[in-house]
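Written below as structure tokens is the structure these notes are about.
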Amino acid sequence: MMTTIKTVAFVEPSFYGVSFARAAFEQGHEVISIVSSTDNPRKYGYEGIYNDLIVADIRDEESLYQAIIHSPYADRLDALIPATDYASHLTARVAERLGLRGVPYEAALKSRNKDLAREAYAEHDVPSAKFKKVRTFEEAAAAAEEIGYPVVLKPTNAASSQNVYFISNVTELQKAIDIIVEFKVTYLDFQVREEYLIEEYLEGPEFSVELFLVEGEPIFSAVTEKITSPLPYFVEIVHTLPTPSYVDQEQEIVQTAVKALLAIGITNGPSHVEVKLTGKGPRIIEVNGRPGGDNISSDLLVQAFGINIFEATVNYYLDNPIDLHKKHHRAASIAYVTADRDGIFERIEGLEELSQHANVVRSHVTVSAGDAISIARSSDDRLGYLITTGDTAQEAKELALTLVASLKVIYRHQEAEIAQV
């Protein structure tokens with residue numbers, strides 16, 4: 001039970017970050033959202049769950065700092081929390097300047113920049129992937145030759161599988177490089193670095209580890225199984241928590257994830273670590289120093305274990321007691337609807353029936369009639385999702401897969417598509 005109202009500021013709540021604002025607001029705190037536009041609460045869906053807005057250029061550390069110290073909250077902020085990946089390192093730096101608790105700047109910077117993270121893993125003997133940082137096609141071709149095809153090409157500081165490519169040969173590499181060098185700006189107008197990674201392709205099933213560390217020790221951990229779209233893309237289309245498979249290697253997966261966090265300097269708070277279980281054991285894909293997105297933290301953890309990781313994180317930042325004990329032991333799964341071809345979206349058939357199902361928590365469509373849709377190349381291309389529960393992980397997963405397969409994406413007729421051009 002909370003006794004003291006605190007003033008908590010969030011930098012640009014969006015996507016998973018909306019759950020942060022909601023958790024603090026429902027705890028009764030004074031919630032301040034620092035945003036780049038006053039349209040953002042409506043755009044990202046958190047109208048009504050904040051007390052005030054501060055406008056700043058969230059891509060610029062000095063702008064963030066000045067906006068806070070010239071606001072009515074200058075001397076009474078109790079916590080400053082990043083609520084979008086892209087501003088996490090800048091938020092960490094500003095929090096340090098204000099003397100507030102948070103992830104160390106260097107650690108936040110490494111988790112935002114995949115090359116710095118890979119360097120840290122290599123330095124601390126964390127099982128990872130061979131990699132080379134490149135700027136040009138010539139450098140990329142040499143790196144791919146050295147590492148050995150197939151390889152993965154990805155930006156150093158993007159997210160949501162944007163412009164991540166599976167590359168089998170030098171011709172595919174040339175095509176992908178031509179596309180990736182044109183990728184200049186990502187979400188919230190953050191610049192994409194003009195340096196890219198060529199990485200060894202790791203073969204094996206994929207997992208994420210939801211963790212909460214206190215002084216370097218995990219006080220909570222859970223392993224989520226992932227299913228990704230067919231290659232050459234890596235779009236996450238199903239998450240099941242806890243994992244229904246490879247349960248005997250769960251502890252090894254968790255230990256590898258913790259080792260990766262410590263290598264980049266994250267010793268406290270929530271994290272979401274992506275891991276491949278290869279023939280040589282768990283290998284790190286990437287680390288995020290925040291709760292998992294894709295409804296893993298906002299829904300699956302709540303449904304499976306009754307855990308609110310956002311509330312726990314707000315309490316950590318405020319130095320309040322943290323409650324992360326599992327209130328029940330069930331399972332939950334989320335399955336995403338994707339297009340099987342490019343076209344103009346009309347509707348998803350079969351969604352209405354889902355609401356009648358006792359084990360469907362929610363379904364949601366993220367596109368509107370008339371939108372151009374395509375085969376999923378990044379998370380942005382998914383069309384909607386459904387969330388299921390079960391007494392066991394296998395039950396929740398099978399139900400999600402069965403139900404999502406029963407849905408049909410209806411496209412507009414060809415004439416209507418041509419008429420719109």
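Labeling convention for the structure tokens: chains A, B, ... as they appear, residues from 1 per chain, ligands from 1 in order of appearance.
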Each range 242-288 of chain A residue no farther than 9 Å from range 96-117 of chain A, nearest pair in Å, only C-alpha atoms, as a Markdown table:
| residue | atom | partner | partner_atom | distance |
| --- | --- | --- | --- | --- |
| A:Ala260 | CA | A:Ala117 | CA | 8.7 |
| A:Leu261 | CA | A:Ala107 | CA | 8.7 |
| A:Ala263 | CA | A:Ala117 | CA | 8.3 |
| A:Ile264 | CA | A:Ala107 | CA | 5.2 |
| A:Gly265 | CA | A:Ala107 | CA | 4.8 |
| A:Ile266 | CA | A:Ala107 | CA | 5.9 |
| A:Thr267 | CA | A:Val103 | CA | 8.2 |
| A:Asn268 | CA | A:Val103 | CA | 7.2 |
| A:Gly269 | CA | A:Val103 | CA | 7.8 |
| A:Glu286 | CA | A:Lys114 | CA | 7.1 |
| A:Val287 | CA | A:Ser111 | CA | 5.8 |
| A:Asn288 | CA | A:Ser111 | CA | 5.7 |
Please produce a file of the residues just selected, as a PDB file, in the first residue's frame, where the atoms kept are N, CA and C atoms.
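Saved file part16.pdb follows:
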ATOM      1  N   ALA A 260      25.123 -11.385 -19.589  1.00  0.00           N
ATOM      2  CA  ALA A 260      25.124 -10.327 -20.612  1.00  0.00           C
ATOM      3  C   ALA A 260      24.799  -8.967 -19.998  1.00  0.00           C
ATOM      4  N   LEU A 261      23.814  -8.945 -19.106  1.00  0.00           N
ATOM      5  CA  LEU A 261      23.437  -7.685 -18.442  1.00  0.00           C
ATOM      6  C   LEU A 261      24.598  -7.127 -17.629  1.00  0.00           C
ATOM      7  N   ALA A 263      27.700  -7.689 -18.092  1.00  0.00           N
ATOM      8  CA  ALA A 263      28.784  -7.290 -19.001  1.00  0.00           C
ATOM      9  C   ALA A 263      28.598  -5.867 -19.507  1.00  0.00           C
ATOM     10  N   ILE A 264      27.330  -5.459 -19.735  1.00  0.00           N
ATOM     11  CA  ILE A 264      27.134  -4.087 -20.228  1.00  0.00           C
ATOM     12  C   ILE A 264      26.876  -3.098 -19.088  1.00  0.00           C
ATOM     13  N   GLY A 265      26.804  -3.610 -17.852  1.00  0.00           N
ATOM     14  CA  GLY A 265      26.721  -2.703 -16.701  1.00  0.00           C
ATOM     15  C   GLY A 265      25.335  -2.485 -16.143  1.00  0.00           C
ATOM     16  N   ILE A 266      24.367  -3.330 -16.521  1.00  0.00           N
ATOM     17  CA  ILE A 266      23.033  -3.227 -15.919  1.00  0.00           C
ATOM     18  C   ILE A 266      22.993  -4.163 -14.714  1.00  0.00           C
ATOM     19  N   THR A 267      22.875  -3.589 -13.539  1.00  0.00           N
ATOM     20  CA  THR A 267      22.874  -4.396 -12.302  1.00  0.00           C
ATOM     21  C   THR A 267      21.566  -4.272 -11.524  1.00  0.00           C
ATOM     22  N   ASN A 268      20.705  -3.342 -11.950  1.00  0.00           N
ATOM     23  CA  ASN A 268      19.447  -3.114 -11.240  1.00  0.00           C
ATOM     24  C   ASN A 268      18.314  -2.863 -12.217  1.00  0.00           C
ATOM     25  N   GLY A 269      17.112  -3.281 -11.808  1.00  0.00           N
ATOM     26  CA  GLY A 269      15.916  -2.968 -12.586  1.00  0.00           C
ATOM     27  C   GLY A 269      15.546  -4.040 -13.590  1.00  0.00           C
ATOM     28  N   GLU A 286      20.397  -9.874 -28.217  1.00  0.00           N
ATOM     29  CA  GLU A 286      20.509  -8.490 -27.755  1.00  0.00           C
ATOM     30  C   GLU A 286      19.919  -8.326 -26.372  1.00  0.00           C
ATOM     31  N   VAL A 287      20.284  -7.201 -25.749  1.00  0.00           N
ATOM     32  CA  VAL A 287      19.839  -6.864 -24.394  1.00  0.00           C
ATOM     33  C   VAL A 287      19.067  -5.555 -24.440  1.00  0.00           C
ATOM     34  N   ASN A 288      17.948  -5.492 -23.726  1.00  0.00           N
ATOM     35  CA  ASN A 288      17.203  -4.235 -23.563  1.00  0.00           C
ATOM     36  C   ASN A 288      17.027  -3.988 -22.072  1.00  0.00           C
TER      37      ASN A 288
END
- Message: For the structure I just gave you, how does DSSP split range 58-306 of chain A - specifically, which residues are strand (DSSP E)? Reply as a PyMOL selection string.
- Response: chain A and resi 79-82+131-134+151-155+165-167+196-200+206-214+217-228+236-241+269-278+281-288
- Distance query Val235 in chain A at most 10 Å, only C-alpha atoms, self and fewer than 2 positions along chain excluded, as a PyMOL selection string: chain A and resi 160-162+164+226-233+237-238+336+338+376-382
Output the selection as an mmCIF file, in the first residue's frame - N, CA, C and O atoms for each residue.
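And here's again.cif as it stands now:
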data_model
loop_
_atom_site.group_PDB
_atom_site.id
_atom_site.type_symbol
_atom_site.label_atom_id
_atom_site.label_comp_id
_atom_site.auth_asym_id
_atom_site.auth_seq_id
_atom_site.Cartn_x
_atom_site.Cartn_y
_atom_site.Cartn_z
ATOM 1 N N SER A 160 12.638 -3.257 -33.261
ATOM 2 C CA SER A 160 11.453 -3.851 -33.903
ATOM 3 C C SER A 160 11.777 -4.595 -35.196
ATOM 4 O O SER A 160 10.949 -4.635 -36.106
ATOM 5 N N SER A 161 12.984 -5.153 -35.307
ATOM 6 C CA SER A 161 13.417 -5.909 -36.495
ATOM 7 C C SER A 161 13.429 -5.049 -37.759
ATOM 8 O O SER A 161 13.382 -5.572 -38.877
ATOM 9 N N GLN A 162 13.529 -3.728 -37.608
ATOM 10 C CA GLN A 162 13.575 -2.855 -38.786
ATOM 11 C C GLN A 162 14.873 -3.093 -39.547
ATOM 12 O O GLN A 162 15.967 -2.995 -38.984
ATOM 13 N N VAL A 164 16.405 -5.694 -40.659
ATOM 14 C CA VAL A 164 17.270 -6.813 -40.261
ATOM 15 C C VAL A 164 17.120 -7.878 -41.345
ATOM 16 O O VAL A 164 16.001 -8.293 -41.657
ATOM 17 N N LYS A 226 9.753 -17.732 -28.301
ATOM 18 C CA LYS A 226 9.349 -16.926 -29.455
ATOM 19 C C LYS A 226 9.219 -17.792 -30.699
ATOM 20 O O LYS A 226 9.979 -18.746 -30.861
ATOM 21 N N ILE A 227 8.288 -17.425 -31.558
ATOM 22 C CA ILE A 227 8.283 -17.955 -32.923
ATOM 23 C C ILE A 227 8.431 -16.740 -33.827
ATOM 24 O O ILE A 227 7.744 -15.726 -33.643
ATOM 25 N N THR A 228 9.361 -16.829 -34.777
ATOM 26 C CA THR A 228 9.550 -15.708 -35.704
ATOM 27 C C THR A 228 9.103 -16.112 -37.102
ATOM 28 O O THR A 228 8.946 -17.296 -37.410
ATOM 29 N N SER A 229 8.891 -15.092 -37.946
ATOM 30 C CA SER A 229 8.387 -15.307 -39.302
ATOM 31 C C SER A 229 9.436 -16.045 -40.141
ATOM 32 O O SER A 229 10.615 -16.084 -39.787
ATOM 33 N N PRO A 230 9.007 -16.616 -41.271
ATOM 34 C CA PRO A 230 9.976 -17.311 -42.125
ATOM 35 C C PRO A 230 11.089 -16.373 -42.590
ATOM 36 O O PRO A 230 10.854 -15.174 -42.808
ATOM 37 N N LEU A 231 12.300 -16.928 -42.734
ATOM 38 C CA LEU A 231 13.421 -16.138 -43.262
ATOM 39 C C LEU A 231 13.066 -15.673 -44.675
ATOM 40 O O LEU A 231 12.269 -16.318 -45.343
ATOM 41 N N PRO A 232 13.572 -14.531 -45.139
ATOM 42 C CA PRO A 232 14.733 -13.811 -44.638
ATOM 43 C C PRO A 232 14.436 -12.755 -43.569
ATOM 44 O O PRO A 232 15.314 -11.953 -43.258
ATOM 45 N N TYR A 233 13.216 -12.724 -43.014
ATOM 46 C CA TYR A 233 12.897 -11.706 -42.009
ATOM 47 C C TYR A 233 12.833 -12.346 -40.631
ATOM 48 O O TYR A 233 12.796 -13.564 -40.493
ATOM 49 N N ILE A 237 6.220 -13.425 -34.191
ATOM 50 C CA ILE A 237 4.786 -13.613 -34.462
ATOM 51 C C ILE A 237 4.056 -14.386 -33.357
ATOM 52 O O ILE A 237 2.834 -14.362 -33.308
ATOM 53 N N VAL A 238 4.799 -15.056 -32.466
ATOM 54 C CA VAL A 238 4.171 -15.702 -31.305
ATOM 55 C C VAL A 238 5.127 -15.615 -30.111
ATOM 56 O O VAL A 238 6.330 -15.843 -30.264
ATOM 57 N N TYR A 336 0.346 -13.068 -33.451
ATOM 58 C CA TYR A 336 0.109 -11.910 -34.320
ATOM 59 C C TYR A 336 -0.454 -12.339 -35.673
ATOM 60 O O TYR A 336 -0.080 -13.384 -36.205
ATOM 61 N N THR A 338 -0.591 -11.719 -39.596
ATOM 62 C CA THR A 338 0.246 -11.101 -40.632
ATOM 63 C C THR A 338 -0.369 -11.355 -42.003
ATOM 64 O O THR A 338 -1.175 -12.272 -42.178
ATOM 65 N N ALA A 376 5.082 -9.352 -43.635
ATOM 66 C CA ALA A 376 5.765 -8.705 -42.507
ATOM 67 C C ALA A 376 7.283 -8.745 -42.671
ATOM 68 O O ALA A 376 7.888 -9.818 -42.702
ATOM 69 N N ARG A 377 7.872 -7.545 -42.772
ATOM 70 C CA ARG A 377 9.325 -7.415 -42.827
ATOM 71 C C ARG A 377 9.868 -6.862 -41.514
ATOM 72 O O ARG A 377 11.045 -6.995 -41.212
ATOM 73 N N SER A 378 8.994 -6.192 -40.745
ATOM 74 C CA SER A 378 9.346 -5.729 -39.392
ATOM 75 C C SER A 378 8.075 -5.786 -38.551
ATOM 76 O O SER A 378 6.982 -6.040 -39.082
ATOM 77 N N SER A 379 8.216 -5.539 -37.258
ATOM 78 C CA SER A 379 7.061 -5.591 -36.350
ATOM 79 C C SER A 379 5.957 -4.630 -36.769
ATOM 80 O O SER A 379 4.783 -4.856 -36.477
ATOM 81 N N ASP A 380 6.329 -3.547 -37.447
ATOM 82 C CA ASP A 380 5.348 -2.538 -37.876
ATOM 83 C C ASP A 380 4.351 -3.104 -38.886
ATOM 84 O O ASP A 380 3.285 -2.533 -39.086
ATOM 85 N N ASP A 381 4.721 -4.197 -39.555
ATOM 86 C CA ASP A 381 3.872 -4.742 -40.622
ATOM 87 C C ASP A 381 2.833 -5.738 -40.113
ATOM 88 O O ASP A 381 2.047 -6.262 -40.906
ATOM 89 N N ARG A 382 2.831 -6.027 -38.803
ATOM 90 C CA ARG A 382 1.819 -6.952 -38.280
ATOM 91 C C ARG A 382 0.457 -6.250 -38.253
ATOM 92 O O ARG A 382 0.379 -5.032 -38.099
#
- Message: At a cut-off of 8 Å, using only C-alpha atoms, what residues contact Phe305 in chain A? Leave out same-chain residues fewer than 6 positions from it and give the result as a VMD selection string.
- Response: chain A and resid 326 to 331
- Task: Can you pull out every residue within 10 Å of Leu383 in chain A, counting only C-alpha atoms, but drop anything in the same chain fewer than 6 positions away, and send it as number ranges by chain?
- Result: A: 336-339, 345, 347-348, 364-368, 373-374, 376, 409
- Query: Of the residues A:Thr38, A:Gly17, A:Leu351, A:Ala332, which is the one nearest to Gly390 in chain A, using only C-alpha atoms?
  - Reply: A:Ala332
- Query: Hey, what does DSSP flag as alpha helix (DSSP H) within range 189-272 of chain A? Can you give it to me as a PyMOL selection string?
  - Reply: chain A and resi 250-264
Give me the residues of range 67-166 of chain A that have any atom at most 10 Å from an atom of range 202-216 of chain A; for each, the nearest atom pair and the distance in Å, rounded to one decimal. Use only C-alpha atoms, sort by chain and number, and format it as CSV.
residue,atom,partner,partner_atom,distance
A:Ser128,CA,A:Leu202,CA,9.0
A:Ala129,CA,A:Leu202,CA,7.1
A:Lys130,CA,A:Leu202,CA,9.5
A:Pro150,CA,A:Leu202,CA,9.2
A:Val151,CA,A:Leu202,CA,8.6
A:Val152,CA,A:Leu202,CA,8.9
Take the residues just selected and output them with all heavy atoms as a compact mmCIF listing (two decimals), in the first residue's frame.
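What follows is the written file again_26.txt:
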# COMPACT_ATOMS: atom_id res chain seq x y z
N SER A 128 28.02 -15.09 -27.54
CA SER A 128 27.35 -14.12 -28.41
C SER A 128 27.53 -14.58 -29.85
O SER A 128 27.72 -15.77 -30.09
CB SER A 128 27.96 -12.74 -28.13
OG SER A 128 27.49 -11.76 -29.00
N ALA A 129 27.48 -13.65 -30.80
CA ALA A 129 27.69 -13.99 -32.22
C ALA A 129 28.95 -13.29 -32.71
O ALA A 129 29.27 -12.19 -32.27
CB ALA A 129 26.49 -13.53 -33.03
N LYS A 130 29.65 -13.92 -33.65
CA LYS A 130 30.77 -13.24 -34.31
C LYS A 130 30.18 -12.04 -35.05
O LYS A 130 29.08 -12.13 -35.60
CB LYS A 130 31.45 -14.16 -35.33
CG LYS A 130 32.16 -15.34 -34.73
CD LYS A 130 32.71 -16.22 -35.87
CE LYS A 130 32.96 -17.63 -35.37
NZ LYS A 130 32.96 -18.59 -36.48
N PRO A 150 25.53 -18.32 -43.92
CA PRO A 150 24.69 -17.12 -43.94
C PRO A 150 25.05 -16.16 -42.80
O PRO A 150 25.57 -16.59 -41.77
CB PRO A 150 23.28 -17.68 -43.73
CG PRO A 150 23.49 -18.94 -42.95
CD PRO A 150 24.81 -19.50 -43.41
N VAL A 151 24.78 -14.87 -43.05
CA VAL A 151 25.01 -13.85 -42.03
C VAL A 151 23.73 -13.03 -41.84
O VAL A 151 22.79 -13.17 -42.60
CB VAL A 151 26.18 -12.90 -42.40
CG1 VAL A 151 27.50 -13.64 -42.42
CG2 VAL A 151 25.91 -12.20 -43.74
N VAL A 152 23.76 -12.18 -40.83
CA VAL A 152 22.65 -11.25 -40.59
C VAL A 152 23.21 -9.84 -40.73
O VAL A 152 24.28 -9.53 -40.20
CB VAL A 152 22.06 -11.46 -39.18
CG1 VAL A 152 20.95 -10.44 -38.90
CG2 VAL A 152 21.53 -12.88 -39.02
- Message: Please list as a count of residues only every residue within 12 Å of Gln251 in chain A, counting only C-alpha atoms and excluding residues in the same chain fewer than 5 positions away.
- Response: 12
